[in-house]
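Asks: Data: upload14.txt, compact mmCIF, C-alpha atoms.
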```txt
# COMPACT_ATOMS: atom_id res chain seq x y z
CA GLY X 1 -12.02 21.00 22.37
CA GLU X 2 -9.19 19.99 20.04
CA ARG X 3 -10.10 21.70 16.74
CA THR X 4 -8.37 25.07 17.24
CA ASN X 5 -5.07 23.31 16.69
CA ALA X 6 -2.87 23.99 13.67
CA ASN X 7 -1.45 20.47 13.82
CA GLY X 8 -4.73 18.62 14.24
CA SER X 9 -7.15 20.66 12.11
CA LYS X 10 -6.49 21.49 8.46
CA LYS X 11 -9.37 23.96 8.47
CA PHE X 12 -7.96 25.90 11.42
CA ARG X 13 -4.40 25.78 10.05
CA GLU X 14 -5.44 27.19 6.66
CA ALA X 15 -7.45 29.98 8.30
CA MET X 16 -4.43 30.88 10.44
CA LEU X 17 -1.98 30.79 7.52
CA GLU X 18 -4.25 33.05 5.48
CA GLY X 19 -4.85 35.46 8.37
CA ARG X 20 -8.58 34.74 8.48
CA TRP X 21 -8.79 35.49 12.19
CA ASP X 22 -12.59 35.72 12.30
CA ASP X 23 -12.77 32.17 10.94
CA CYS X 24 -10.42 31.01 13.71
CA VAL X 25 -12.73 32.62 16.27
CA GLU X 26 -15.78 30.99 14.69
CA MET X 27 -14.13 27.55 15.03
CA ALA X 28 -13.71 28.28 18.73
CA ARG X 29 -17.37 29.22 18.99
CA ASP X 30 -18.35 26.01 17.16
CA GLN X 31 -16.62 23.99 19.86
CA ILE X 32 -18.37 25.98 22.58
CA ARG X 33 -21.72 25.17 20.95
CA GLU X 34 -20.73 21.50 20.78
CA GLY X 35 -20.25 21.43 24.54
CA ALA X 36 -16.50 21.85 25.08
CA HIS X 37 -15.44 23.06 28.54
CA LEU X 38 -11.99 24.37 27.52
CA LEU X 39 -10.36 25.17 24.18
CA ASP X 40 -6.95 23.78 23.24
CA LEU X 41 -5.14 26.47 21.22
CA CYS X 42 -2.07 25.44 19.23
CA VAL X 43 -0.49 27.67 16.56
CA ASP X 44 2.80 25.76 16.10
CA TYR X 45 3.59 25.44 12.39
CA VAL X 46 6.97 25.25 10.62
CA GLY X 47 8.04 28.56 9.12
CA ARG X 48 5.52 30.68 11.04
CA ASP X 49 6.14 33.27 13.74
CA GLY X 50 4.42 31.37 16.55
CA VAL X 51 4.71 34.26 19.02
CA ALA X 52 2.87 36.62 16.67
CA ASP X 53 0.22 34.04 15.77
CA MET X 54 -0.40 33.16 19.41
CA ALA X 55 -0.66 36.81 20.45
CA GLU X 56 -3.12 37.48 17.63
CA ILE X 57 -5.42 34.51 18.22
CA ALA X 58 -5.20 34.35 22.02
CA GLY X 59 -6.00 38.07 22.13
CA ARG X 60 -9.14 37.44 20.09
CA PHE X 61 -10.14 34.38 22.10
CA ALA X 62 -9.76 36.40 25.31
CA THR X 63 -12.81 38.46 24.38
CA ALA X 64 -14.67 36.13 21.98
CA SER X 65 -14.60 32.90 24.02
CA THR X 66 -16.48 32.24 27.23
CA LEU X 67 -14.23 29.26 28.01
CA PRO X 68 -10.78 28.94 29.61
CA ILE X 69 -7.97 28.47 27.09
CA VAL X 70 -5.42 25.64 27.05
CA LEU X 71 -2.23 27.08 25.55
CA ASP X 72 -0.57 24.29 23.60
CA SER X 73 2.98 24.71 22.30
CA THR X 74 6.46 23.23 22.46
CA GLU X 75 7.95 26.75 22.65
CA PRO X 76 8.03 28.66 25.97
CA ALA X 77 8.01 32.03 24.16
CA VAL X 78 4.77 31.07 22.37
CA ILE X 79 3.18 30.02 25.67
CA GLN X 80 4.25 33.32 27.25
CA ALA X 81 2.70 35.30 24.38
CA GLY X 82 -0.62 33.59 25.04
CA LEU X 83 -0.48 34.03 28.81
CA GLU X 84 0.10 37.75 28.41
CA LYS X 85 -3.08 38.10 26.33
CA LEU X 86 -5.45 36.13 28.55
CA GLY X 87 -7.28 37.36 31.61
CA GLY X 88 -8.21 34.89 34.33
CA ARG X 89 -6.47 31.55 34.47
CA ALA X 90 -5.18 29.46 31.61
CA VAL X 91 -3.95 25.88 31.34
CA ILE X 92 -0.56 25.10 29.78
CA ASN X 93 -0.16 22.03 27.59
CA SER X 94 2.37 20.67 28.47
CA VAL X 95 5.44 19.74 30.51
CA ASN X 96 7.44 16.53 30.68
CA TYR X 97 10.94 15.25 31.45
CA GLU X 98 12.05 14.55 27.87
CA ASP X 99 15.11 16.79 28.31
CA GLY X 100 15.33 16.36 32.08
CA ASP X 101 14.45 18.75 34.88
CA GLY X 102 17.49 21.04 35.05
CA PRO X 103 17.22 24.83 35.38
CA ASP X 104 17.40 25.34 31.59
CA SER X 105 15.16 22.39 30.68
CA ARG X 106 11.89 22.99 28.89
CA PHE X 107 10.17 21.57 31.98
CA ALA X 108 11.66 24.28 34.20
CA ARG X 109 11.04 27.10 31.71
CA ILE X 110 7.37 26.21 31.19
CA THR X 111 6.73 25.56 34.89
CA ARG X 112 8.27 28.92 35.75
CA LEU X 113 5.75 30.59 33.41
CA ALA X 114 2.88 28.64 34.96
CA VAL X 115 3.82 29.72 38.47
CA GLU X 116 4.33 33.34 37.41
CA HIS X 117 0.93 33.54 35.67
CA GLY X 118 -1.05 31.24 37.97
CA ALA X 119 -1.77 28.72 35.21
CA ALA X 120 -2.65 25.07 35.63
CA LEU X 121 -0.32 22.53 34.03
CA ILE X 122 -0.85 19.45 31.89
CA ALA X 123 2.04 17.07 32.60
CA LEU X 124 2.80 14.09 30.37
CA THR X 125 4.19 10.74 31.51
CA ILE X 126 7.41 11.10 29.51
CA ASP X 127 10.91 11.02 30.98
CA GLU X 128 14.46 10.93 29.69
CA GLU X 129 13.89 7.35 28.46
CA GLY X 130 10.80 8.23 26.40
CA GLN X 131 7.05 7.80 26.68
CA ALA X 132 5.84 5.43 29.38
CA ARG X 133 3.87 2.42 28.12
CA THR X 134 3.38 0.20 31.16
CA VAL X 135 1.12 0.95 34.12
CA GLU X 136 4.09 0.93 36.48
CA LYS X 137 6.16 3.37 34.40
CA LYS X 138 3.24 5.75 33.84
CA VAL X 139 2.54 5.91 37.57
CA GLU X 140 6.25 6.21 38.43
CA ILE X 141 6.69 9.27 36.17
CA ALA X 142 3.40 10.76 37.39
CA GLU X 143 4.62 10.50 40.99
CA ARG X 144 7.87 12.20 40.04
CA LEU X 145 5.98 15.01 38.30
CA ILE X 146 3.62 15.53 41.24
CA ASP X 147 6.44 15.51 43.82
CA ASP X 148 8.50 17.94 41.74
CA LEU X 149 5.67 20.38 40.94
CA THR X 150 4.29 20.48 44.47
CA GLY X 151 7.54 20.24 46.43
CA ASN X 152 9.90 22.36 44.32
CA TRP X 153 7.54 24.74 42.55
CA GLY X 154 4.64 25.18 44.97
CA VAL X 155 1.98 24.06 42.49
CA GLN X 156 -1.23 22.75 44.09
CA GLU X 157 -2.15 19.14 43.29
CA SER X 158 -5.53 20.34 41.99
CA ASP X 159 -3.70 22.52 39.41
CA ILE X 160 -1.89 19.53 37.91
CA LEU X 161 -3.46 17.55 35.07
CA ILE X 162 -1.60 14.31 34.43
CA ASP X 163 -1.87 12.85 30.93
CA CYS X 164 -1.11 9.13 31.22
CA LEU X 165 -0.90 9.01 27.40
CA THR X 166 -2.28 6.41 25.09
CA PHE X 167 -1.10 4.90 21.85
CA THR X 168 -3.03 3.36 19.00
CA ILE X 169 -4.19 -0.19 19.56
CA CYS X 170 -5.08 -0.61 15.89
CA THR X 171 -1.74 -1.56 14.32
CA GLY X 172 -2.03 -5.31 14.90
CA GLN X 173 1.47 -5.29 16.40
CA GLU X 174 1.91 -7.39 19.51
CA GLU X 175 3.61 -4.65 21.54
CA SER X 176 0.64 -2.29 21.15
CA ARG X 177 -2.12 -4.73 22.17
CA LYS X 178 -2.07 -3.79 25.87
CA ASP X 179 -1.64 -0.03 25.51
CA GLY X 180 -5.33 0.75 26.13
CA ILE X 181 -5.40 -1.34 29.30
CA ALA X 182 -2.19 0.29 30.56
CA THR X 183 -3.69 3.77 30.20
CA ILE X 184 -6.95 2.83 31.95
CA GLU X 185 -5.20 1.14 34.88
CA ALA X 186 -2.65 3.95 35.25
CA ILE X 187 -5.49 6.47 35.54
CA ARG X 188 -7.21 4.28 38.12
CA GLU X 189 -4.08 3.89 40.25
CA LEU X 190 -3.13 7.57 39.99
CA LYS X 191 -6.60 8.70 41.12
CA ARG X 192 -6.45 6.22 44.00
CA ARG X 193 -3.16 7.70 45.20
CA HIS X 194 -3.89 11.36 44.45
CA PRO X 195 -7.63 12.15 44.38
CA ASP X 196 -6.95 15.89 44.06
CA VAL X 197 -4.71 15.56 41.02
CA GLN X 198 -6.62 16.02 37.76
CA THR X 199 -6.24 13.61 34.86
CA THR X 200 -6.58 14.28 31.15
CA LEU X 201 -5.97 12.41 27.92
CA GLY X 202 -5.41 13.10 24.23
CA LEU X 203 -8.13 10.63 23.35
CA SER X 204 -7.92 10.20 19.59
CA ASN X 205 -4.49 8.53 19.66
CA ILE X 206 -6.19 5.27 20.67
CA SER X 207 -7.88 4.82 17.28
CA PHE X 208 -5.26 5.91 14.73
CA GLY X 209 -5.42 3.61 11.70
CA LEU X 210 -9.20 3.03 11.65
CA ASN X 211 -11.76 4.64 9.35
CA PRO X 212 -13.72 7.63 10.78
CA ALA X 213 -16.83 5.62 11.73
CA ALA X 214 -14.82 3.00 13.60
CA ARG X 215 -12.76 5.74 15.27
CA MET X 216 -15.93 7.41 16.53
CA VAL X 217 -17.06 4.19 18.21
CA LEU X 218 -13.67 3.19 19.64
CA ASN X 219 -13.02 6.72 20.93
CA SER X 220 -16.45 6.87 22.57
CA VAL X 221 -16.11 3.46 24.24
CA PHE X 222 -12.52 4.08 25.35
CA LEU X 223 -13.49 7.46 26.83
CA ASP X 224 -16.30 5.77 28.76
CA GLU X 225 -13.89 3.20 30.18
CA CYS X 226 -11.36 5.88 31.16
CA VAL X 227 -14.04 7.98 32.87
CA LYS X 228 -15.09 4.93 34.88
CA ALA X 229 -11.43 4.58 35.96
CA GLY X 230 -11.34 8.22 37.13
CA LEU X 231 -10.46 10.34 34.09
CA ASP X 232 -11.41 13.98 34.72
CA SER X 233 -11.05 15.43 31.22
CA ALA X 234 -10.05 14.60 27.67
CA ILE X 235 -9.00 16.52 24.58
CA VAL X 236 -11.67 15.55 22.06
CA HIS X 237 -13.79 16.63 19.11
CA ALA X 238 -16.99 16.76 21.15
CA SER X 239 -19.40 16.26 18.25
CA LYS X 240 -17.65 12.98 17.38
CA ILE X 241 -18.20 11.41 20.78
CA LEU X 242 -21.44 9.46 21.11
CA PRO X 243 -23.24 8.20 24.23
CA ILE X 244 -22.78 4.45 24.61
CA ALA X 245 -26.58 3.97 24.54
CA ARG X 246 -26.64 5.30 20.96
CA LEU X 247 -24.13 2.76 19.66
CA GLU X 248 -24.89 -0.72 18.32
CA GLU X 249 -24.33 -3.35 21.01
CA GLU X 250 -22.15 -5.45 18.69
CA GLN X 251 -19.95 -2.43 17.94
CA VAL X 252 -19.55 -1.62 21.63
CA GLN X 253 -18.67 -5.23 22.42
CA ALA X 254 -16.09 -5.31 19.63
CA ALA X 255 -14.52 -2.09 20.94
CA HIS X 256 -14.38 -3.51 24.49
CA ASP X 257 -12.76 -6.69 23.17
CA LEU X 258 -10.11 -4.65 21.36
CA ILE X 259 -9.41 -2.33 24.31
CA TYR X 260 -9.03 -5.25 26.74
CA ASP X 261 -7.26 -7.51 24.21
CA ARG X 262 -9.80 -10.33 24.46
CA ARG X 263 -8.32 -12.56 21.80
CA ARG X 264 -9.19 -16.21 21.61
CA GLU X 265 -8.84 -19.09 19.18
CA GLY X 266 -10.27 -17.98 15.85
CA TYR X 267 -11.18 -14.48 17.09
CA ASP X 268 -9.14 -11.32 16.72
CA PRO X 269 -10.97 -8.21 18.05
CA LEU X 270 -9.14 -5.86 15.68
CA GLN X 271 -10.05 -7.93 12.63
CA HIS X 272 -13.65 -8.18 13.85
CA LEU X 273 -13.89 -4.40 14.32
CA LEU X 274 -12.45 -3.78 10.84
CA GLU X 275 -15.02 -6.13 9.34
CA LEU X 276 -17.89 -4.48 11.24
CA PHE X 277 -17.02 -1.07 9.81
CA GLU X 278 -16.06 -2.08 6.30
CA GLY X 279 -17.84 0.39 4.00
CA VAL X 280 -19.45 2.24 6.94
CA ASP X 281 -19.10 6.02 7.25
CA THR X 282 -20.15 8.43 9.97
CA LYS X 283 -23.02 9.83 7.91
CA SER X 284 -24.63 6.42 7.51
CA MET X 285 -24.21 5.76 11.24
CA LYS X 286 -25.94 9.00 12.16
CA ALA X 287 -28.66 8.45 9.55
CA GLY X 288 -29.38 5.00 10.93
CA LYS X 289 -29.66 6.34 14.46
CA ALA X 290 -31.98 9.14 13.30
CA GLU X 291 -34.29 6.62 11.60
CA GLU X 292 -34.30 4.45 14.71
CA LEU X 293 -35.22 7.46 16.86
CA LEU X 294 -38.07 8.54 14.57
CA ALA X 295 -39.57 5.04 14.73
CA LEU X 296 -40.11 5.31 18.51
CA PRO X 297 -43.47 6.41 20.00
CA LEU X 298 -43.52 10.16 20.71
CA ASP X 299 -43.10 9.90 24.52
CA GLU X 300 -40.19 7.46 24.21
CA ARG X 301 -38.62 9.66 21.54
CA LEU X 302 -38.79 12.73 23.81
CA GLN X 303 -37.21 10.80 26.67
CA ARG X 304 -34.46 9.48 24.39
CA ARG X 305 -33.65 13.01 23.20
CA ILE X 306 -33.30 14.13 26.84
CA ILE X 307 -31.10 11.14 27.75
CA ASP X 308 -28.83 11.51 24.70
CA GLY X 309 -28.74 15.31 24.77
CA GLU X 310 -30.11 15.29 21.22
CA LYS X 311 -31.40 18.79 20.40
CA ASN X 312 -32.10 18.29 16.71
CA GLY X 313 -35.80 17.52 16.36
CA LEU X 314 -36.62 18.19 20.02
CA GLU X 315 -38.58 21.35 19.30
CA ALA X 316 -40.71 19.64 16.61
CA ASP X 317 -41.44 16.70 18.93
CA LEU X 318 -42.47 19.06 21.74
CA ASP X 319 -44.79 20.94 19.37
CA GLU X 320 -46.39 17.66 18.37
CA ALA X 321 -46.82 16.59 22.01
CA LEU X 322 -48.42 19.94 22.90
CA THR X 323 -51.24 19.34 20.40
CA ALA X 324 -52.46 16.45 22.55
CA ARG X 325 -51.37 17.15 26.14
CA PRO X 326 -50.83 20.13 28.49
CA ALA X 327 -47.26 21.36 28.91
CA LEU X 328 -47.12 20.56 32.65
CA GLU X 329 -48.19 16.98 32.01
CA ILE X 330 -45.49 16.55 29.37
CA VAL X 331 -42.86 17.87 31.78
CA ASN X 332 -43.98 15.77 34.76
CA ASP X 333 -44.81 12.50 33.00
CA THR X 334 -42.29 12.41 30.16
CA LEU X 335 -39.37 14.84 30.36
CA LEU X 336 -38.70 14.28 34.08
CA GLU X 337 -38.49 10.53 33.46
CA GLY X 338 -35.73 11.21 30.96
CA MET X 339 -33.97 13.50 33.42
CA LYS X 340 -34.18 10.79 36.08
CA VAL X 341 -32.27 8.44 33.77
CA VAL X 342 -29.67 11.14 33.12
CA GLY X 343 -29.22 11.55 36.88
CA GLU X 344 -28.72 7.79 37.31
CA LEU X 345 -26.15 7.68 34.47
CA PHE X 346 -24.06 10.47 36.01
```
Here is a file; write its structure as structure tokens.

Replies:
Amino acid sequence: GERTNANGSKKFREAMLEGRWDDCVEMARDQIREGAHLLDLCVDYVGRDGVADMAEIAGRFATASTLPIVLDSTEPAVIQAGLEKLGGRAVINSVNYEDGDGPDSRFARITRLAVEHGAALIALTIDEEGQARTVEKKVEIAERLIDDLTGNWGVQESDILIDCLTFTICTGQEESRKDGIATIEAIRELKRRHPDVQTTLGLSNISFGLNPAARMVLNSVFLDECVKAGLDSAIVHASKILPIARLEEEQVQAAHDLIYDRRREGYDPLQHLLELFEGVDTKSMKAGKAEELLALPLDERLQRRIIDGEKNGLEADLDEALTARPALEIVNDTLLEGMKVVGELF
């Protein structure tokens, strides 16, 4: 879950700046309800005492959250403040080789904290030359990170989460057209070489520049492609990721064309996607899907709610079904069919 982040969420940042700690906790709980498996906590903000903010909020999350915490900061002292407040194991986001790997580098200081506190580590494919953009460079830096962390620091491969990074593919600039493909293929190759190493991704970077409705579709489709390549986790706003089956086929195709740079004479995938979502907002997308769902026969609607994990309206549909059929029959003949589809999808 990415919303408890002072850089990425205005709502969380304002609550933190005003000392509304209960509101910060409630935002964490919202993400738990949405289905997040970990919470990314970032308090970095210019002019603030990050150590004090991290100690305050991490201390509250330690008792209010049922999920592991990902401590996200550029400052080792802020990371340490969080680690000292959390029981169990945390994840640290992140290390890289931007300033090298010497004894006083940020890489060494953060890794030392991870080893001392038994935390897992997110490691980014960045070295002294900058962020990797090609498949080959992403994998090369990932190999260096894995060798260093396991060989020199004693970190288990399963405690390393490599972020192969992605950039927006929505600028129209030639150099960014292949960035989505590079990320997907780097994940695939890394998982082939190191099955025990975990992979993660800051997902929303892929869609910077699009309107919210288009971002929702592109993020959802790109996540699906990355998971197929072996991605283990992603930093996302869970409620803004939709199952592929709930998206319009034309929208999914346009997103695939953009991700895989399927340009041809007279067809630019980016332009096509922009045209598809001109004047479209997320509310109208969700409203359209709700109307489509309500138009289905009751049994099909129940199955679709099970397949999509759609809780809103499920109770009312079950009540309606129970007026005509016994509960056991509904479970055996309808709900289990939906669960069978879920099992096939996963």

Asks: Find the spatial neighbours of range 19-28 of chain X, counting all atoms listed in the file, within a cut-off of 9 Å - ignore same-chain residues fewer than 4 positions away - and output them as number ranges by chain.

Replies: X: 1, 3-4, 11-15, 32-33, 39, 56-57, 60-61, 64-65

Asks: Please, could you write that set of residues out with C-alpha atoms as a compact mmCIF listing (two decimals), in the frame of the given file?

Replies:
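Below is the file that was written, out09.txt:
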```txt
# COMPACT_ATOMS: atom_id res chain seq x y z
CA GLY X 1 -12.02 21.00 22.37
CA ARG X 3 -10.10 21.70 16.74
CA THR X 4 -8.37 25.07 17.24
CA LYS X 11 -9.37 23.96 8.47
CA PHE X 12 -7.96 25.90 11.42
CA ARG X 13 -4.40 25.78 10.05
CA GLU X 14 -5.44 27.19 6.66
CA ALA X 15 -7.45 29.98 8.30
CA ILE X 32 -18.37 25.98 22.58
CA ARG X 33 -21.72 25.17 20.95
CA LEU X 39 -10.36 25.17 24.18
CA GLU X 56 -3.12 37.48 17.63
CA ILE X 57 -5.42 34.51 18.22
CA ARG X 60 -9.14 37.44 20.09
CA PHE X 61 -10.14 34.38 22.10
CA ALA X 64 -14.67 36.13 21.98
CA SER X 65 -14.60 32.90 24.02
```

Asks: List every protein, DNA or RNA residue with an atom no more than 10 Å from (-11.4, 5.1, 10.8) in the file's coordinates, counting all atoms listed in the file, and format the result as a PDB file with C-alpha atoms, in the coordinates of the input.

Replies:
```pdb
ATOM      1  CA  CYS X 170      -5.080  -0.610  15.890  1.00  0.00           C
ATOM      2  CA  SER X 207      -7.880   4.820  17.280  1.00  0.00           C
ATOM      3  CA  PHE X 208      -5.260   5.910  14.730  1.00  0.00           C
ATOM      4  CA  GLY X 209      -5.420   3.610  11.700  1.00  0.00           C
ATOM      5  CA  LEU X 210      -9.200   3.030  11.650  1.00  0.00           C
ATOM      6  CA  ASN X 211     -11.760   4.640   9.350  1.00  0.00           C
ATOM      7  CA  PRO X 212     -13.720   7.630  10.780  1.00  0.00           C
ATOM      8  CA  ALA X 213     -16.830   5.620  11.730  1.00  0.00           C
ATOM      9  CA  ALA X 214     -14.820   3.000  13.600  1.00  0.00           C
ATOM     10  CA  ARG X 215     -12.760   5.740  15.270  1.00  0.00           C
ATOM     11  CA  MET X 216     -15.930   7.410  16.530  1.00  0.00           C
ATOM     12  CA  VAL X 217     -17.060   4.190  18.210  1.00  0.00           C
ATOM     13  CA  LEU X 218     -13.670   3.190  19.640  1.00  0.00           C
ATOM     14  CA  LEU X 274     -12.450  -3.780  10.840  1.00  0.00           C
ATOM     15  CA  PHE X 277     -17.020  -1.070   9.810  1.00  0.00           C
ATOM     16  CA  GLU X 278     -16.060  -2.080   6.300  1.00  0.00           C
ATOM     17  CA  VAL X 280     -19.450   2.240   6.940  1.00  0.00           C
ATOM     18  CA  ASP X 281     -19.100   6.020   7.250  1.00  0.00           C
ATOM     19  CA  THR X 282     -20.150   8.430   9.970  1.00  0.00           C
TER      20      THR X 282
END
```

Asks: Would you kindly return, as an MDAnalysis selection string, each protein, DNA or RNA residue with an atom no farther than 8 Å from any atom of Asn219 in chain X, considering all atoms listed in the file and excluding same-chain residues fewer than 6 positions away?

Replies: chainID X and resid 203:204 206:207 241

Asks: Interatomic distance between CA of Lys137 in chain X and CA of Gln253 in chain X?

Replies: 28.9 Å

Asks: I'd like the contact shell of Arg301 in chain X - 10 Å cut-off, only C-alpha atoms, skipping same-chain residues fewer than 4 positions apart - returned as a CSV table (one decimal) with C-alpha atoms, in the coordinates of the input.

Replies:
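The resulting file, around-v3.csv, is shown below:
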```csv
chain,number,residue,atom,x,y,z
X,292,GLU,CA,-34.3,4.4,14.7
X,293,LEU,CA,-35.2,7.5,16.9
X,294,LEU,CA,-38.1,8.5,14.6
X,295,ALA,CA,-39.6,5.0,14.7
X,296,LEU,CA,-40.1,5.3,18.5
X,297,PRO,CA,-43.5,6.4,20.0
X,305,ARG,CA,-33.6,13.0,23.2
X,306,ILE,CA,-33.3,14.1,26.8
X,307,ILE,CA,-31.1,11.1,27.8
X,313,GLY,CA,-35.8,17.5,16.4
X,314,LEU,CA,-36.6,18.2,20.0
X,317,ASP,CA,-41.4,16.7,18.9
X,334,THR,CA,-42.3,12.4,30.2
X,338,GLY,CA,-35.7,11.2,31.0
```

Asks: Write out as a ChimeraX atom specification the residues lying within 12 Å of Gly8 in chain X, counting all atoms listed in the file and excluding same-chain residues fewer than 5 positions away.

Replies: /X:1-3,13-14,40-45,72,202,204-205,235-237

Asks: Find the distance between CA of Thr134 in chain X and CA of Glu157 in chain X and write it in Å to one decimal.

Replies: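 Those two atoms sit 23.2 Å apart.
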
Asks: Quick check, in Å to one decimal: how far apart do CA of Val95 in chain X and CA of Phe107 in chain X lie?

Replies: 5.3 Å

Asks: X:Ala55, X:Leu190, X:Leu161, X:Ala324: which is nearest Ala119 in chain X, counting all atoms listed in the file?

Replies: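 Closest to Ala119 in chain X of all the choices is X:Leu161.
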
Asks: So, with only C-alpha atoms as the atoms that count, which of X:Glu320, X:Glu98, X:Glu34, X:Asp257 lies closest to Leu270 in chain X?

Replies: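 Closest candidate: X:Asp257.
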
Asks: Smallest atom-to-atom distance to Glu300 in chain X: which of X:Ala327, X:Val197, X:Leu335, X:Met16, using only C-alpha atoms?

Replies: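 Distance minimum relative to Glu300 in chain X lands on X:Leu335.
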
Asks: Tell me which of X:Glu140, X:Ala52, X:Asp127, X:Gln303 sits closest to Asp99 in chain X, counting all atoms listed in the file.

Replies: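 Closest to Asp99 in chain X of all the choices is X:Asp127.
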
Asks: As a PyMOL selection string, please: the residues near Tyr97 in chain X (cut-off 9 Å, all atoms listed in the file, same-chain neighbours under 5 positions excluded).

Replies: chain X and resi 105-107+124-130+141+145

Asks: With distances taken over all atoms listed in the file, which residue among X:Glu84, X:Lys138, X:Gly154, X:Asp147 lies nearest Thr111 in chain X?

Replies: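 Of all the options, X:Gly154 lies closest to Thr111 in chain X.
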
Asks: For Ala238 in chain X, which of X:Lys178, X:His37, X:Lys85, X:Arg133 is the closest residue, counting all atoms listed in the file?

Replies: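 Once distances to Ala238 in chain X are computed over all atoms listed in the file, the minimum belongs to X:His37.
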